[in-house]
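Structure file upload_29.tsv (TSV, C-alpha atoms and all ligand atoms) follows.
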```
chain	number	residue	atom	x	y	z
A	1154	MET	CA	-19.04	-33.15	-33.91
A	1155	MET	CA	-20.17	-34.32	-37.32
A	1156	ASP	CA	-18.28	-34.61	-40.59
A	1157	ASP	CA	-19.09	-31.06	-41.67
A	1158	GLU	CA	-17.72	-29.57	-38.50
A	1159	GLN	CA	-14.59	-31.65	-38.82
A	1160	PHE	CA	-13.94	-30.51	-42.37
A	1161	PRO	CA	-12.26	-27.21	-41.40
A	1162	ALA	CA	-9.93	-29.17	-39.10
A	1163	ILE	CA	-9.09	-31.54	-41.96
A	1164	MET	CA	-8.42	-28.59	-44.29
A	1165	LYS	CA	-6.15	-27.01	-41.72
A	1166	GLN	CA	-4.09	-30.21	-41.68
A	1167	LEU	CA	-3.96	-30.40	-45.45
A	1168	SER	CA	-2.97	-26.75	-45.89
A	1169	THR	CA	0.45	-27.39	-44.37
A	1170	ILE	CA	0.93	-31.15	-44.71
A	1171	LYS	CA	3.30	-30.97	-47.67
A	1172	ASP	CA	5.51	-28.43	-45.90
A	1173	ARG	CA	5.65	-30.42	-42.69
A	1174	SER	CA	5.75	-34.02	-43.81
A	1175	PRO	CA	8.35	-35.29	-46.28
A	1176	PHE	CA	6.28	-38.45	-46.51
A	1177	TYR	CA	3.16	-36.63	-47.73
A	1178	LYS	CA	5.17	-34.19	-49.84
A	1179	LYS	CA	6.21	-37.18	-51.90
A	1180	LYS	CA	2.92	-39.08	-51.69
A	1181	TYR	CA	0.85	-36.07	-52.81
A	1182	GLU	CA	3.47	-34.79	-55.26
A	1183	SER	CA	1.08	-34.77	-58.22
A	1184	ILE	CA	-2.01	-33.70	-56.25
A	1185	ASP	CA	-3.11	-30.08	-55.91
A	1186	LEU	CA	-4.50	-30.03	-52.37
A	1187	THR	CA	-5.88	-26.50	-52.81
A	1188	LYS	CA	-8.49	-27.99	-55.16
A	1189	ILE	CA	-10.13	-29.85	-52.26
A	1190	LYS	CA	-13.31	-27.96	-51.49
A	1191	ASN	CA	-15.49	-30.41	-49.61
A	1192	ILE	CA	-15.51	-33.75	-47.81
A	1193	GLU	CA	-16.26	-35.60	-51.07
A	1194	ASP	CA	-13.09	-34.19	-52.63
A	1195	PHE	CA	-11.16	-35.19	-49.53
A	1196	ARG	CA	-12.46	-38.74	-49.81
A	1197	LYS	CA	-10.86	-39.04	-53.23
A	1198	LEU	CA	-7.36	-38.62	-51.79
A	1199	PRO	CA	-5.33	-41.83	-51.96
A	1200	LEU	CA	-5.37	-43.94	-48.81
A	1201	THR	CA	-2.25	-44.39	-46.68
A	1202	ASP	CA	-1.26	-47.96	-45.86
A	1203	LYS	CA	1.05	-49.47	-43.29
A	1204	CYS	CA	3.49	-50.81	-45.88
A	1205	GLU	CA	4.20	-47.21	-46.97
A	1206	LEU	CA	4.91	-46.21	-43.36
A	1207	ARG	CA	7.29	-49.13	-43.11
A	1208	GLU	CA	9.18	-47.89	-46.16
A	1209	ALA	CA	9.69	-44.59	-44.32
A	1210	TYR	CA	11.76	-46.40	-41.66
A	1211	PRO	CA	13.41	-45.15	-39.55
A	1212	LEU	CA	12.27	-41.50	-39.30
A	1213	GLY	CA	10.73	-40.72	-42.65
A	1214	LEU	CA	7.38	-39.86	-41.05
A	1215	GLN	CA	8.85	-37.19	-38.79
A	1216	SER	CA	7.12	-33.90	-39.59
A	1217	VAL	CA	8.77	-31.52	-37.09
A	1218	PRO	CA	12.40	-30.46	-36.46
A	1219	ASP	CA	14.44	-32.81	-34.25
A	1220	GLU	CA	14.29	-30.48	-31.28
A	1221	GLU	CA	10.51	-30.85	-31.11
A	1222	VAL	CA	10.48	-34.64	-30.91
A	1223	VAL	CA	10.29	-35.83	-27.31
A	1224	ARG	CA	9.65	-39.55	-27.79
A	1225	ILE	CA	9.17	-42.30	-30.32
A	1226	HIS	CA	6.99	-45.38	-30.28
A	1227	SER	CA	7.02	-48.30	-32.62
A	1228	SER	CA	4.45	-50.77	-33.82
A	1229	SER	CA	5.35	-54.42	-33.64
A	1230	GLY	CA	7.19	-55.65	-36.68
A	1231	THR	CA	5.93	-59.19	-37.10
A	1232	THR	CA	6.75	-58.91	-40.78
A	1233	GLY	CA	9.63	-56.76	-41.94
A	1234	LEU	CA	10.55	-53.39	-40.51
A	1235	PRO	CA	8.62	-51.78	-37.67
A	1236	VAL	CA	6.92	-48.41	-38.08
A	1237	ILE	CA	8.47	-45.61	-36.01
A	1238	ILE	CA	6.15	-42.82	-34.87
A	1239	PRO	CA	7.72	-39.64	-33.45
A	1240	TYR	CA	5.74	-37.66	-30.83
A	1241	THR	CA	6.02	-33.99	-29.86
A	1242	LYS	CA	5.33	-32.66	-26.36
A	1243	GLN	CA	1.88	-31.64	-27.60
A	1244	ASP	CA	1.21	-35.13	-29.05
A	1245	VAL	CA	2.08	-36.76	-25.73
A	1246	GLU	CA	-0.18	-34.32	-23.91
A	1247	ASP	CA	-3.06	-34.74	-26.39
A	1248	TRP	CA	-2.84	-38.50	-25.99
A	1249	ALA	CA	-3.03	-38.18	-22.20
A	1250	ILE	CA	-6.05	-35.87	-22.51
A	1251	MET	CA	-7.83	-38.39	-24.73
A	1252	PHE	CA	-6.90	-41.23	-22.40
A	1253	ALA	CA	-8.14	-39.38	-19.32
A	1254	ARG	CA	-11.40	-38.86	-21.20
A	1255	CYS	CA	-11.57	-42.63	-21.79
A	1256	TYR	CA	-11.25	-43.26	-18.05
A	1257	GLU	CA	-13.98	-40.70	-17.39
A	1258	PHE	CA	-16.29	-42.39	-19.90
A	1259	ALA	CA	-15.72	-45.64	-18.03
A	1260	GLY	CA	-16.65	-43.92	-14.76
A	1261	VAL	CA	-13.10	-44.10	-13.40
A	1262	THR	CA	-12.28	-41.29	-10.93
A	1263	LYS	CA	-9.34	-39.84	-9.00
A	1264	LYS	CA	-10.15	-42.20	-6.17
A	1265	ASP	CA	-9.48	-45.26	-8.30
A	1266	ARG	CA	-6.33	-47.35	-8.31
A	1267	ILE	CA	-5.47	-48.41	-11.81
A	1268	HIS	CA	-3.61	-51.68	-12.25
A	1269	ILE	CA	-1.74	-51.47	-15.57
A	1270	THR	CA	-0.70	-54.79	-17.10
A	1271	PRO	CA	-0.03	-53.89	-20.78
A	1272	GLY	CA	3.67	-53.66	-21.63
A	1273	TYR	CA	5.86	-50.58	-21.32
A	1274	GLY	CA	8.54	-49.69	-23.85
A	1275	LEU	CA	8.44	-49.10	-27.57
A	1276	TRP	CA	4.88	-50.34	-27.64
A	1277	THR	CA	2.30	-47.64	-26.88
A	1278	ALA	CA	0.08	-49.53	-24.47
A	1279	GLY	CA	1.39	-49.32	-20.89
A	1280	ILE	CA	2.59	-45.75	-21.00
A	1281	GLY	CA	-0.71	-44.57	-22.50
A	1282	PHE	CA	-2.74	-46.14	-19.70
A	1283	GLN	CA	-0.32	-44.57	-17.22
A	1284	ALA	CA	-0.31	-41.05	-18.68
A	1285	GLY	CA	-4.11	-41.05	-18.77
A	1286	ALA	CA	-4.34	-42.21	-15.16
A	1287	GLU	CA	-1.94	-39.51	-14.00
A	1288	ARG	CA	-3.76	-36.85	-16.01
A	1289	LEU	CA	-7.04	-37.95	-14.40
A	1290	GLY	CA	-5.40	-37.94	-10.98
A	1291	ALA	CA	-5.92	-41.61	-10.19
A	1292	MET	CA	-3.24	-43.84	-8.68
A	1293	ALA	CA	-1.38	-45.69	-11.42
A	1294	ILE	CA	0.09	-49.08	-10.51
A	1295	PRO	CA	2.54	-49.66	-13.36
A	1296	MET	CA	2.89	-53.45	-13.34
A	1297	GLY	CA	3.49	-54.32	-16.97
A	1298	PRO	CA	2.76	-57.89	-18.06
A	1299	GLY	CA	3.77	-61.23	-16.53
A	1300	ASN	CA	4.62	-62.57	-13.06
A	1301	THR	CA	1.12	-63.58	-12.01
A	1302	ASP	CA	2.05	-64.10	-8.34
A	1303	LYS	CA	3.27	-60.53	-8.05
A	1304	GLN	CA	0.31	-59.18	-10.03
A	1305	LEU	CA	-2.18	-60.77	-7.67
A	1306	LYS	CA	-0.27	-59.79	-4.53
A	1307	MET	CA	-0.08	-56.15	-5.63
A	1308	MET	CA	-3.69	-56.21	-6.74
A	1309	GLU	CA	-4.67	-57.37	-3.27
A	1310	ASP	CA	-2.26	-55.21	-1.22
A	1311	MET	CA	-2.82	-52.03	-3.22
A	1312	GLY	CA	-6.55	-52.59	-3.46
A	1313	SER	CA	-6.58	-52.11	-7.24
A	1314	THR	CA	-10.05	-51.06	-8.41
A	1315	VAL	CA	-9.48	-50.89	-12.18
A	1316	LEU	CA	-7.71	-53.50	-14.28
A	1317	THR	CA	-6.28	-52.59	-17.68
A	1318	ALA	CA	-5.27	-55.54	-19.83
A	1319	THR	CA	-5.58	-57.45	-23.07
A	1320	SER	CA	-8.52	-59.84	-23.11
A	1321	SER	CA	-6.30	-62.91	-22.90
A	1322	TYR	CA	-4.35	-61.59	-19.92
A	1323	ALA	CA	-7.53	-60.51	-18.13
A	1324	LEU	CA	-8.86	-64.04	-18.60
A	1325	LEU	CA	-5.66	-65.56	-17.27
A	1326	LEU	CA	-5.82	-63.37	-14.15
A	1327	ALA	CA	-9.52	-64.15	-13.70
A	1328	GLU	CA	-8.80	-67.88	-13.83
A	1329	GLU	CA	-5.92	-67.58	-11.35
A	1330	ILE	CA	-8.07	-65.60	-8.91
A	1331	GLU	CA	-10.75	-68.26	-9.17
A	1332	LYS	CA	-8.26	-71.11	-8.78
A	1333	ARG	CA	-6.63	-69.58	-5.71
A	1334	GLY	CA	-9.98	-68.74	-4.15
A	1335	ILE	CA	-8.98	-65.14	-3.45
A	1336	LYS	CA	-11.89	-63.38	-5.14
A	1337	ASP	CA	-13.12	-61.87	-1.86
A	1338	ARG	CA	-9.75	-60.18	-1.36
A	1339	ILE	CA	-9.77	-58.52	-4.80
A	1340	LYS	CA	-11.40	-55.08	-5.04
A	1341	LEU	CA	-11.63	-54.70	-8.83
A	1342	LYS	CA	-14.77	-52.95	-10.07
A	1343	LYS	CA	-13.96	-52.24	-13.70
A	1344	ALA	CA	-11.71	-53.58	-16.43
A	1345	LEU	CA	-10.57	-51.68	-19.53
A	1346	ILE	CA	-9.72	-54.15	-22.26
A	1347	GLY	CA	-7.81	-53.35	-25.45
A	1348	SER	CA	-10.29	-53.76	-28.26
A	1349	GLU	CA	-9.98	-56.68	-30.61
A	1350	ARG	CA	-12.44	-59.27	-31.79
A	1351	TRP	CA	-13.16	-61.32	-28.67
A	1352	GLY	CA	-16.12	-63.58	-28.12
A	1353	ASP	CA	-19.02	-63.03	-25.74
A	1354	LYS	CA	-18.09	-66.23	-23.95
A	1355	MET	CA	-14.71	-64.82	-22.98
A	1356	ARG	CA	-16.28	-61.48	-22.13
A	1357	ASN	CA	-18.79	-63.07	-19.78
A	1358	ARG	CA	-16.18	-65.24	-18.11
A	1359	ILE	CA	-13.92	-62.28	-17.38
A	1360	ALA	CA	-16.84	-60.16	-16.15
A	1361	ASP	CA	-18.22	-62.96	-13.94
A	1362	GLU	CA	-14.99	-64.28	-12.51
A	1363	LEU	CA	-13.52	-60.88	-11.77
A	1364	GLY	CA	-16.88	-59.36	-10.87
A	1365	VAL	CA	-16.18	-56.30	-13.02
A	1366	GLU	CA	-17.82	-54.08	-15.63
A	1367	LEU	CA	-15.94	-54.33	-18.92
A	1368	TYR	CA	-15.02	-51.48	-21.24
A	1369	ASP	CA	-13.52	-51.82	-24.72
A	1370	ILE	CA	-10.80	-49.29	-25.41
A	1371	TYR	CA	-9.64	-48.60	-28.97
A	1372	GLY	CA	-6.46	-47.32	-30.56
A	1373	LEU	CA	-3.37	-48.15	-32.58
A	1374	THR	CA	0.26	-47.12	-32.35
A	1375	GLU	CA	0.23	-45.26	-35.67
A	1376	ILE	CA	-2.54	-42.99	-34.28
A	1377	TYR	CA	-1.27	-42.13	-30.74
A	1378	GLY	CA	-1.98	-45.61	-29.29
A	1379	PRO	CA	-4.91	-46.94	-27.25
A	1380	GLY	CA	-7.23	-44.23	-25.97
A	1381	ILE	CA	-8.80	-42.68	-29.08
A	1382	GLY	CA	-12.13	-44.33	-28.24
A	1383	ILE	CA	-13.90	-46.33	-25.54
A	1384	SER	CA	-17.28	-47.87	-24.77
A	1385	CYS	CA	-19.48	-46.23	-22.12
A	1386	GLU	CA	-21.69	-47.81	-19.46
A	1387	HIS	CA	-24.30	-48.65	-22.11
A	1388	ALA	CA	-21.80	-50.90	-23.93
A	1389	THR	CA	-23.20	-50.06	-27.35
A	1390	GLY	CA	-20.03	-49.52	-29.35
A	1391	MET	CA	-17.09	-47.20	-28.64
A	1392	HIS	CA	-17.28	-43.41	-28.56
A	1393	TYR	CA	-14.38	-41.77	-30.40
A	1394	TRP	CA	-12.85	-38.34	-30.07
A	1395	THR	CA	-13.82	-36.25	-33.07
A	1396	ASP	CA	-11.78	-33.29	-31.88
A	1397	TYR	CA	-8.63	-35.35	-32.50
A	1398	VAL	CA	-9.46	-37.89	-35.19
A	1399	TYR	CA	-11.67	-38.14	-38.27
A	1400	PHE	CA	-13.14	-41.60	-38.97
A	1401	GLU	CA	-14.36	-42.99	-42.29
A	1402	ILE	CA	-15.59	-46.47	-43.18
A	1403	ILE	CA	-14.62	-47.81	-46.59
A	1404	ASP	CA	-15.20	-50.96	-48.57
A	1405	PRO	CA	-11.76	-52.56	-48.19
A	1406	LYS	CA	-11.92	-54.09	-51.66
A	1407	THR	CA	-12.97	-51.00	-53.65
A	1408	GLY	CA	-11.82	-48.20	-51.33
A	1409	LYS	CA	-15.22	-46.49	-51.68
A	1410	ASN	CA	-16.78	-44.80	-48.66
A	1411	LEU	CA	-19.69	-46.61	-47.03
A	1412	PRO	CA	-22.70	-44.99	-45.34
A	1413	ASP	CA	-23.06	-44.98	-41.55
A	1414	GLY	CA	-24.30	-48.31	-40.26
A	1415	GLU	CA	-22.52	-50.43	-42.85
A	1416	TYR	CA	-19.55	-52.60	-41.93
A	1417	GLY	CA	-16.22	-51.97	-43.58
A	1418	GLU	CA	-12.66	-50.90	-42.88
A	1419	LEU	CA	-11.93	-48.03	-40.52
A	1420	VAL	CA	-9.81	-45.24	-42.02
A	1421	ILE	CA	-8.43	-42.51	-39.75
A	1422	THR	CA	-7.15	-38.97	-40.32
A	1423	THR	CA	-5.40	-37.21	-37.44
A	1424	LEU	CA	-6.57	-33.64	-36.83
A	1425	ARG	CA	-3.88	-32.36	-34.46
A	1426	LYS	CA	-0.95	-34.70	-34.60
A	1427	GLN	CA	2.39	-32.95	-35.08
A	1428	GLY	CA	5.16	-35.55	-34.88
A	1429	ALA	CA	3.70	-37.84	-37.56
A	1430	PRO	CA	0.33	-36.68	-38.92
A	1431	LEU	CA	-1.54	-39.28	-40.95
A	1432	ILE	CA	-4.15	-38.70	-43.63
A	1433	ARG	CA	-6.69	-41.40	-44.54
A	1434	TYR	CA	-4.77	-44.15	-42.77
A	1435	ARG	CA	-6.04	-47.70	-43.28
A	1436	THR	CA	-6.40	-49.51	-39.96
A	1437	HIS	CA	-7.52	-52.84	-41.50
A	1438	ASP	CA	-9.94	-53.06	-38.58
A	1439	LEU	CA	-13.49	-53.96	-39.53
A	1440	THR	CA	-16.27	-52.05	-37.83
A	1441	ARG	CA	-19.07	-49.60	-38.63
A	1442	ILE	CA	-20.13	-46.14	-37.54
A	1443	ILE	CA	-23.22	-46.59	-35.38
A	1444	PRO	CA	-25.92	-44.15	-36.53
A	1445	GLY	CA	-27.74	-42.03	-33.97
A	1446	GLU	CA	-26.97	-40.96	-30.45
A	1447	CYS	CA	-25.97	-43.16	-27.53
A	1448	ALA	CA	-28.30	-43.51	-24.55
A	1449	CYS	CA	-25.60	-41.83	-22.43
A	1450	GLY	CA	-26.31	-38.57	-24.30
A	1451	SER	CA	-22.71	-37.99	-25.38
A	1452	LYS	CA	-22.26	-36.05	-28.61
A	1453	PHE	CA	-19.21	-38.12	-29.47
A	1454	PRO	CA	-20.21	-40.63	-32.17
A	1455	ARG	CA	-19.58	-44.34	-31.91
A	1456	ILE	CA	-17.98	-47.16	-33.86
A	1457	ASP	CA	-19.02	-50.73	-33.20
A	1458	ILE	CA	-16.90	-53.29	-31.40
A	1459	LEU	CA	-14.41	-54.65	-33.96
A	1460	ILE	CA	-15.67	-57.62	-35.96
A	1461	GLY	CA	-12.32	-58.64	-37.38
A	1462	ARG	CA	-9.51	-57.64	-39.74
A	1463	THR	CA	-9.75	-57.01	-43.46
A	1464	ASP	CA	-7.45	-59.98	-44.09
A	1465	ASP	CA	-10.26	-62.22	-42.80
A	1466	MET	CA	-12.84	-60.76	-45.17
A	1467	VAL	CA	-14.14	-62.49	-48.30
A	1468	LYS	CA	-16.37	-61.22	-51.07
A	1469	VAL	CA	-18.98	-63.68	-52.31
A	1470	LYS	CA	-21.67	-62.86	-54.88
A	1471	GLY	CA	-20.81	-59.19	-54.50
A	1472	VAL	CA	-21.25	-59.15	-50.72
A	1473	ASN	CA	-18.44	-58.63	-48.21
A	1474	ILE	CA	-18.52	-61.29	-45.51
A	1475	PHE	CA	-16.56	-61.28	-42.25
A	1476	PRO	CA	-16.04	-64.17	-39.82
A	1477	GLY	CA	-17.42	-61.99	-37.03
A	1478	GLN	CA	-20.76	-61.66	-38.83
A	1479	ILE	CA	-21.07	-65.42	-39.22
A	1480	GLU	CA	-20.23	-65.92	-35.54
A	1481	ASP	CA	-22.86	-63.38	-34.50
A	1482	LEU	CA	-25.45	-65.04	-36.71
A	1483	LEU	CA	-24.78	-68.58	-35.45
A	1484	LYS	CA	-24.71	-67.42	-31.84
A	1485	ASP	CA	-28.33	-66.28	-32.12
A	1486	ILE	CA	-29.64	-69.58	-33.48
A	1487	GLU	CA	-30.55	-72.18	-30.90
A	1488	GLY	CA	-29.08	-75.64	-31.45
A	1489	VAL	CA	-25.98	-74.42	-33.32
A	1490	SER	CA	-22.58	-74.76	-31.61
A	1491	SER	CA	-19.88	-72.12	-31.98
A	1492	GLU	CA	-17.78	-74.28	-34.32
A	1493	TYR	CA	-18.21	-73.62	-38.01
A	1494	GLN	CA	-16.37	-73.74	-41.31
A	1495	VAL	CA	-16.96	-71.95	-44.58
A	1496	MET	CA	-16.08	-73.28	-48.04
A	1497	ILE	CA	-16.24	-70.91	-50.97
A	1498	ASP	CA	-16.10	-72.35	-54.46
A	1499	HIS	CA	-16.63	-71.22	-58.00
A	1500	LEU	CA	-18.77	-73.79	-59.78
A	1501	GLU	CA	-20.33	-73.53	-63.23
A	1502	GLY	CA	-19.60	-69.83	-63.45
A	1503	LYS	CA	-21.09	-69.00	-60.06
A	1504	ASP	CA	-19.78	-68.41	-56.54
A	1505	SER	CA	-21.10	-70.77	-53.92
A	1506	LEU	CA	-20.72	-70.63	-50.17
A	1507	THR	CA	-21.17	-73.71	-48.02
A	1508	LEU	CA	-21.47	-73.18	-44.28
A	1509	PHE	CA	-20.75	-76.20	-42.10
A	1510	PHE	CA	-21.74	-75.98	-38.44
A	1511	GLU	CA	-21.91	-78.44	-35.58
A	1512	THR	CA	-25.10	-79.45	-33.81
A	1513	LYS	CA	-26.35	-82.08	-31.39
A	1514	LEU	CA	-29.62	-82.35	-33.32
A	1515	GLU	CA	-30.38	-85.35	-35.55
A	1516	GLY	CA	-32.77	-86.32	-38.33
A	1517	LYS	CA	-35.71	-84.03	-39.03
A	1518	ASP	CA	-34.63	-81.46	-36.43
A	1519	ARG	CA	-31.24	-81.20	-38.09
A	1520	LYS	CA	-32.86	-80.56	-41.48
A	1521	GLU	CA	-35.04	-77.85	-39.93
A	1522	LEU	CA	-31.98	-76.23	-38.38
A	1523	GLU	CA	-30.15	-76.22	-41.72
A	1524	LYS	CA	-33.14	-74.47	-43.23
A	1525	GLU	CA	-33.21	-71.87	-40.49
A	1526	VAL	CA	-29.49	-71.11	-40.82
A	1527	LYS	CA	-29.94	-70.70	-44.58
A	1528	GLU	CA	-32.86	-68.31	-44.11
A	1529	GLN	CA	-31.11	-66.30	-41.41
A	1530	PHE	CA	-27.99	-66.00	-43.54
A	1531	LYS	CA	-30.04	-64.71	-46.45
A	1532	SER	CA	-31.92	-62.15	-44.37
A	1533	ARG	CA	-28.98	-60.93	-42.28
A	1534	ILE	CA	-25.98	-61.18	-44.58
A	1535	GLY	CA	-27.78	-61.11	-47.89
A	1536	ILE	CA	-26.79	-64.17	-49.91
A	1537	THR	CA	-28.15	-67.66	-50.44
A	1538	ILE	CA	-25.85	-70.35	-49.11
A	1539	ILE	CA	-25.65	-74.12	-48.83
A	1540	SER	CA	-26.25	-74.93	-45.17
A	1541	LYS	CA	-24.80	-78.18	-43.82
A	1542	ALA	CA	-25.08	-79.39	-40.24
A	1543	VAL	CA	-22.54	-81.92	-38.95
A	1544	SER	CA	-22.26	-83.77	-35.64
A	1545	MET	CA	-20.40	-82.35	-32.66
A	1546	GLY	CA	-16.62	-82.71	-32.92
A	1547	GLU	CA	-16.57	-83.28	-36.68
A	1548	LEU	CA	-15.02	-79.94	-37.63
A	1549	PRO	CA	-11.30	-79.33	-37.14
A	1550	ARG	CA	-10.36	-77.04	-34.21
A	1551	SER	CA	-8.17	-74.04	-34.96
A	1552	GLU	CA	-6.84	-71.20	-32.85
A	1553	LYS	CA	-7.05	-68.80	-35.75
A	1554	LYS	CA	-10.40	-67.47	-36.87
A	1555	SER	CA	-9.11	-67.00	-40.40
A	1556	HIS	CA	-8.65	-70.75	-40.68
A	1557	ARG	CA	-12.41	-71.22	-40.62
A	1558	ILE	CA	-12.91	-69.73	-44.05
A	1559	PHE	CA	-11.55	-71.54	-47.09
A	1560	ASP	CA	-11.68	-69.70	-50.36
A	1561	ASN	CA	-11.16	-72.27	-53.13
A	1562	ARG	CA	-11.92	-69.91	-55.99
A	1563	TYR	CA	-8.43	-68.79	-56.87
A	1601	ZN	ZN	-22.50	-43.78	-24.63
```
If you took the structure in this file and wrote it as structure tokens, what would it be?
Ligand code: ZN
Amino acid sequence: MMDDEQFPAIMKQLSTIKDRSPFYKKKYESIDLTKIKNIEDFRKLPLTDKCELREAYPLGLQSVPDEEVVRIHSSSGTTGLPVIIPYTKQDVEDWAIMFARCYEFAGVTKKDRIHITPGYGLWTAGIGFQAGAERLGAMAIPMGPGNTDKQLKMMEDMGSTVLTATSSYALLLAEEIEKRGIKDRIKLKKALIGSERWGDKMRNRIADELGVELYDIYGLTEIYGPGIGISCEHATGMHYWTDYVYFEIIDPKTGKNLPDGEYGELVITTLRKQGAPLIRYRTHDLTRIIPGECACGSKFPRIDILIGRTDDMVKVKGVNIFPGQIEDLLKDIEGVSSEYQVMIDHLEGKDSLTLFFETKLEGKDRKELEKEVKEQFKSRIGITIISKAVSMGELPRSEKKSHRIFDNRY
């Protein structure tokens, strides 16, 4: 379903949003929604951000009478108040339908035994994986996280065929299975991993050590939870469910919509949500809409695997640059290690970007490599940089990707 077909669904939401949602009644107080005639008009509506949802704590987002709310979930509150999302019976069912569809896209069937390691509780993860499994008719094994001994014993005894996990927990389990030499007793065939930016190295290790096909599953608590999109067997981005959600990609700095194919921030509008509908919600996830159809033939469009968060993005010489793009670029150049650092300065009235990367090469070869990185950066990302190779181990190690980019301009 393309944008045009989704427009009537968007309009249907807007026609009653002020009556249903006290949050949007206030937010759109000075806006005449009846004046919206096309998708371009819609795209001029102000964006909704997480800090606003937080201000609505505890139940300011609730858009139905109390008797229709059957459950709440909450997003983690690492800073300040959490966001509380109320769900109606229909919302819970819609989420399960979308999640069952995710399993089907990953080739999971009723005969599978789904080992669920994401947490249960206020967080949306575990219960979403479970509801989808039950809807599909597969056997759910509701483990939750932790207790590796028990995880592996159940995995073996129950003959789990599908693992659902975060990438870090999947890696931990893969390493334990390897260490204990029990790979031949594990029957896993597929793993559904909550989408985040995770490197190919980690991906390959999990796939190899567990002997599974990997699928990226997308979602966020504010919009149902995981299950609003998933990759298919072709692993070329994640299909998303246009009958439930409308996706836009914007430039996170200007808020302007970007054409398909360009990277930017994902913005989501819910098309059916009752408990807490959201209009033009900023996810802060960086991705792009992949133009064209997938080789699997599905009509559901795709977004790319996430390349980071907007907080990691920098704008240099008018171009938005994300750590994920730099990683992808360096990965493809032979002789460059995965360690890099970016320094952005403002010198003599101009922005300059210096990219440091580690290499084993010396002398003339090193100079050649610097030249190649500079040329590749120009052709793939679009700006001219200062390219500096350093010896292996010279750059500081950091757990956080954001600590690789230093913006010294402000
Ligand atoms: Zn596909």
Q. Which protein, DNA or RNA residues have an atom within 12 Å of ligand ZN 1601 (chain A), counting only C-alpha atoms and all ligand atoms, as a ChimeraX atom specification?
A. /A:1255,1257-1260,1368,1382-1393,1443,1445-1457
**Q.** Spatial neighbours of region 1535-1541 of chain A, max dist 6 Å, only C-alpha atoms, sep filter under 6 positions, as a list in words
**A.**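 Near neighbours after the sequence-gap exclusion: Leu1506, Thr1507, Leu1508, Phe1509, Glu1523 and Lys1527 of chain A.
Computed from the coordinates, the CA of Leu1316 (chain A) to CA of Met1355 (chain A) distance equals 15.9 Å.
Counting all atoms listed in the file, the residue from A:Gly1233, A:Gly1477, A:Gly1279, A:Gly1213 that sits nearest to Thr1374 (chain A) is A:Gly1279.
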Q. In Å, how far is it from CA of Tyr1493 (chain A) to CA of Val1469 (chain A)?
A.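 According to the coordinates, CA of Tyr1493 (chain A) and CA of Val1469 (chain A) are separated by 17.4 Å.
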Q | Closest of A:Thr1436, A:Ser1505, A:Ser1490, A:Gln1427 to Lys1242 (chain A) - atom-to-atom distances counting all atoms listed in the file | A | A:Gln1427
Q | Nearest-residue call for Gly1372 (chain A), choices A:Pro1298, A:Pro1235, A:Gly1417, A:Gly1281, using only C-alpha atoms | A |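 Of the candidates, the smallest distance to Gly1372 (chain A) is held by A:Gly1281.
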Q.
Report, in Å to a single decimal, how far apart CA of Ile1238 (chain A) and CA of Phe1282 (chain A) are.
A. 17.9 Å
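Counting all atoms listed in the file, the residue from A:Ile1479, A:Leu1500, A:Ile1339, A:Leu1198 that sits nearest to Glu1309 (chain A) is A:Ile1339.
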Q.
Could you list, as a list in words, every residue within 7 Å of region 1319-1328 of chain A, counting only C-alpha atoms and ignoring same-chain residues fewer than 2 positions away?
A.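 Contacts, in chain order: Pro1271, Ile1330, Glu1331, Lys1332, Ile1346, Gly1347, Ile1359, Glu1362 and Leu1363 of chain A.
Among the candidate residues A:Thr1201, A:Ser1227, A:Ser1216, A:Gln1529, the one lying nearest to Ala1278 (chain A) is A:Ser1227, with distances computed using only C-alpha atoms.
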Q: Write out as an MDAnalysis selection string each polymer residue whose atoms come within 8 Å of region 1184-1195 of chain A, counting all atoms listed in the file; drop sequence neighbours fewer than 4 positions from it.
A: chainID A and resid 1156:1157 1160 1167:1168
Using only C-alpha atoms, which residues sit within 7 Å of Arg1224 (chain A) once same-chain residues fewer than 6 positions away are excluded, as a compact mmCIF listing (two decimals) with C-alpha atoms, keeping the file's coordinate frame?
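Below is the file part07.txt, written as the result:
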```txt
# COMPACT_ATOMS: atom_id res chain seq x y z
CA PRO A 1239 7.72 -39.64 -33.45
CA TYR A 1240 5.74 -37.66 -30.83
CA THR A 1241 6.02 -33.99 -29.86
```
Q. Counting all atoms listed in the file, which of A:Ile1421, A:Met1496, A:Ile1558, A:Val1489 gets nearest to Met1466 (chain A)?
A.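 Once distances to Met1466 (chain A) are computed over all atoms listed in the file, the minimum belongs to A:Ile1558.
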Q. So which residues touch Thr1277 (chain A) within 8 Å, counting all atoms listed in the file, skipping near sequence neighbours fewer than 5 positions away, as a list of chain:residue names?
A. A:His1226, A:Ser1227, A:Ser1228, A:Thr1374, A:Tyr1377, A:Gly1378, A:Pro1379
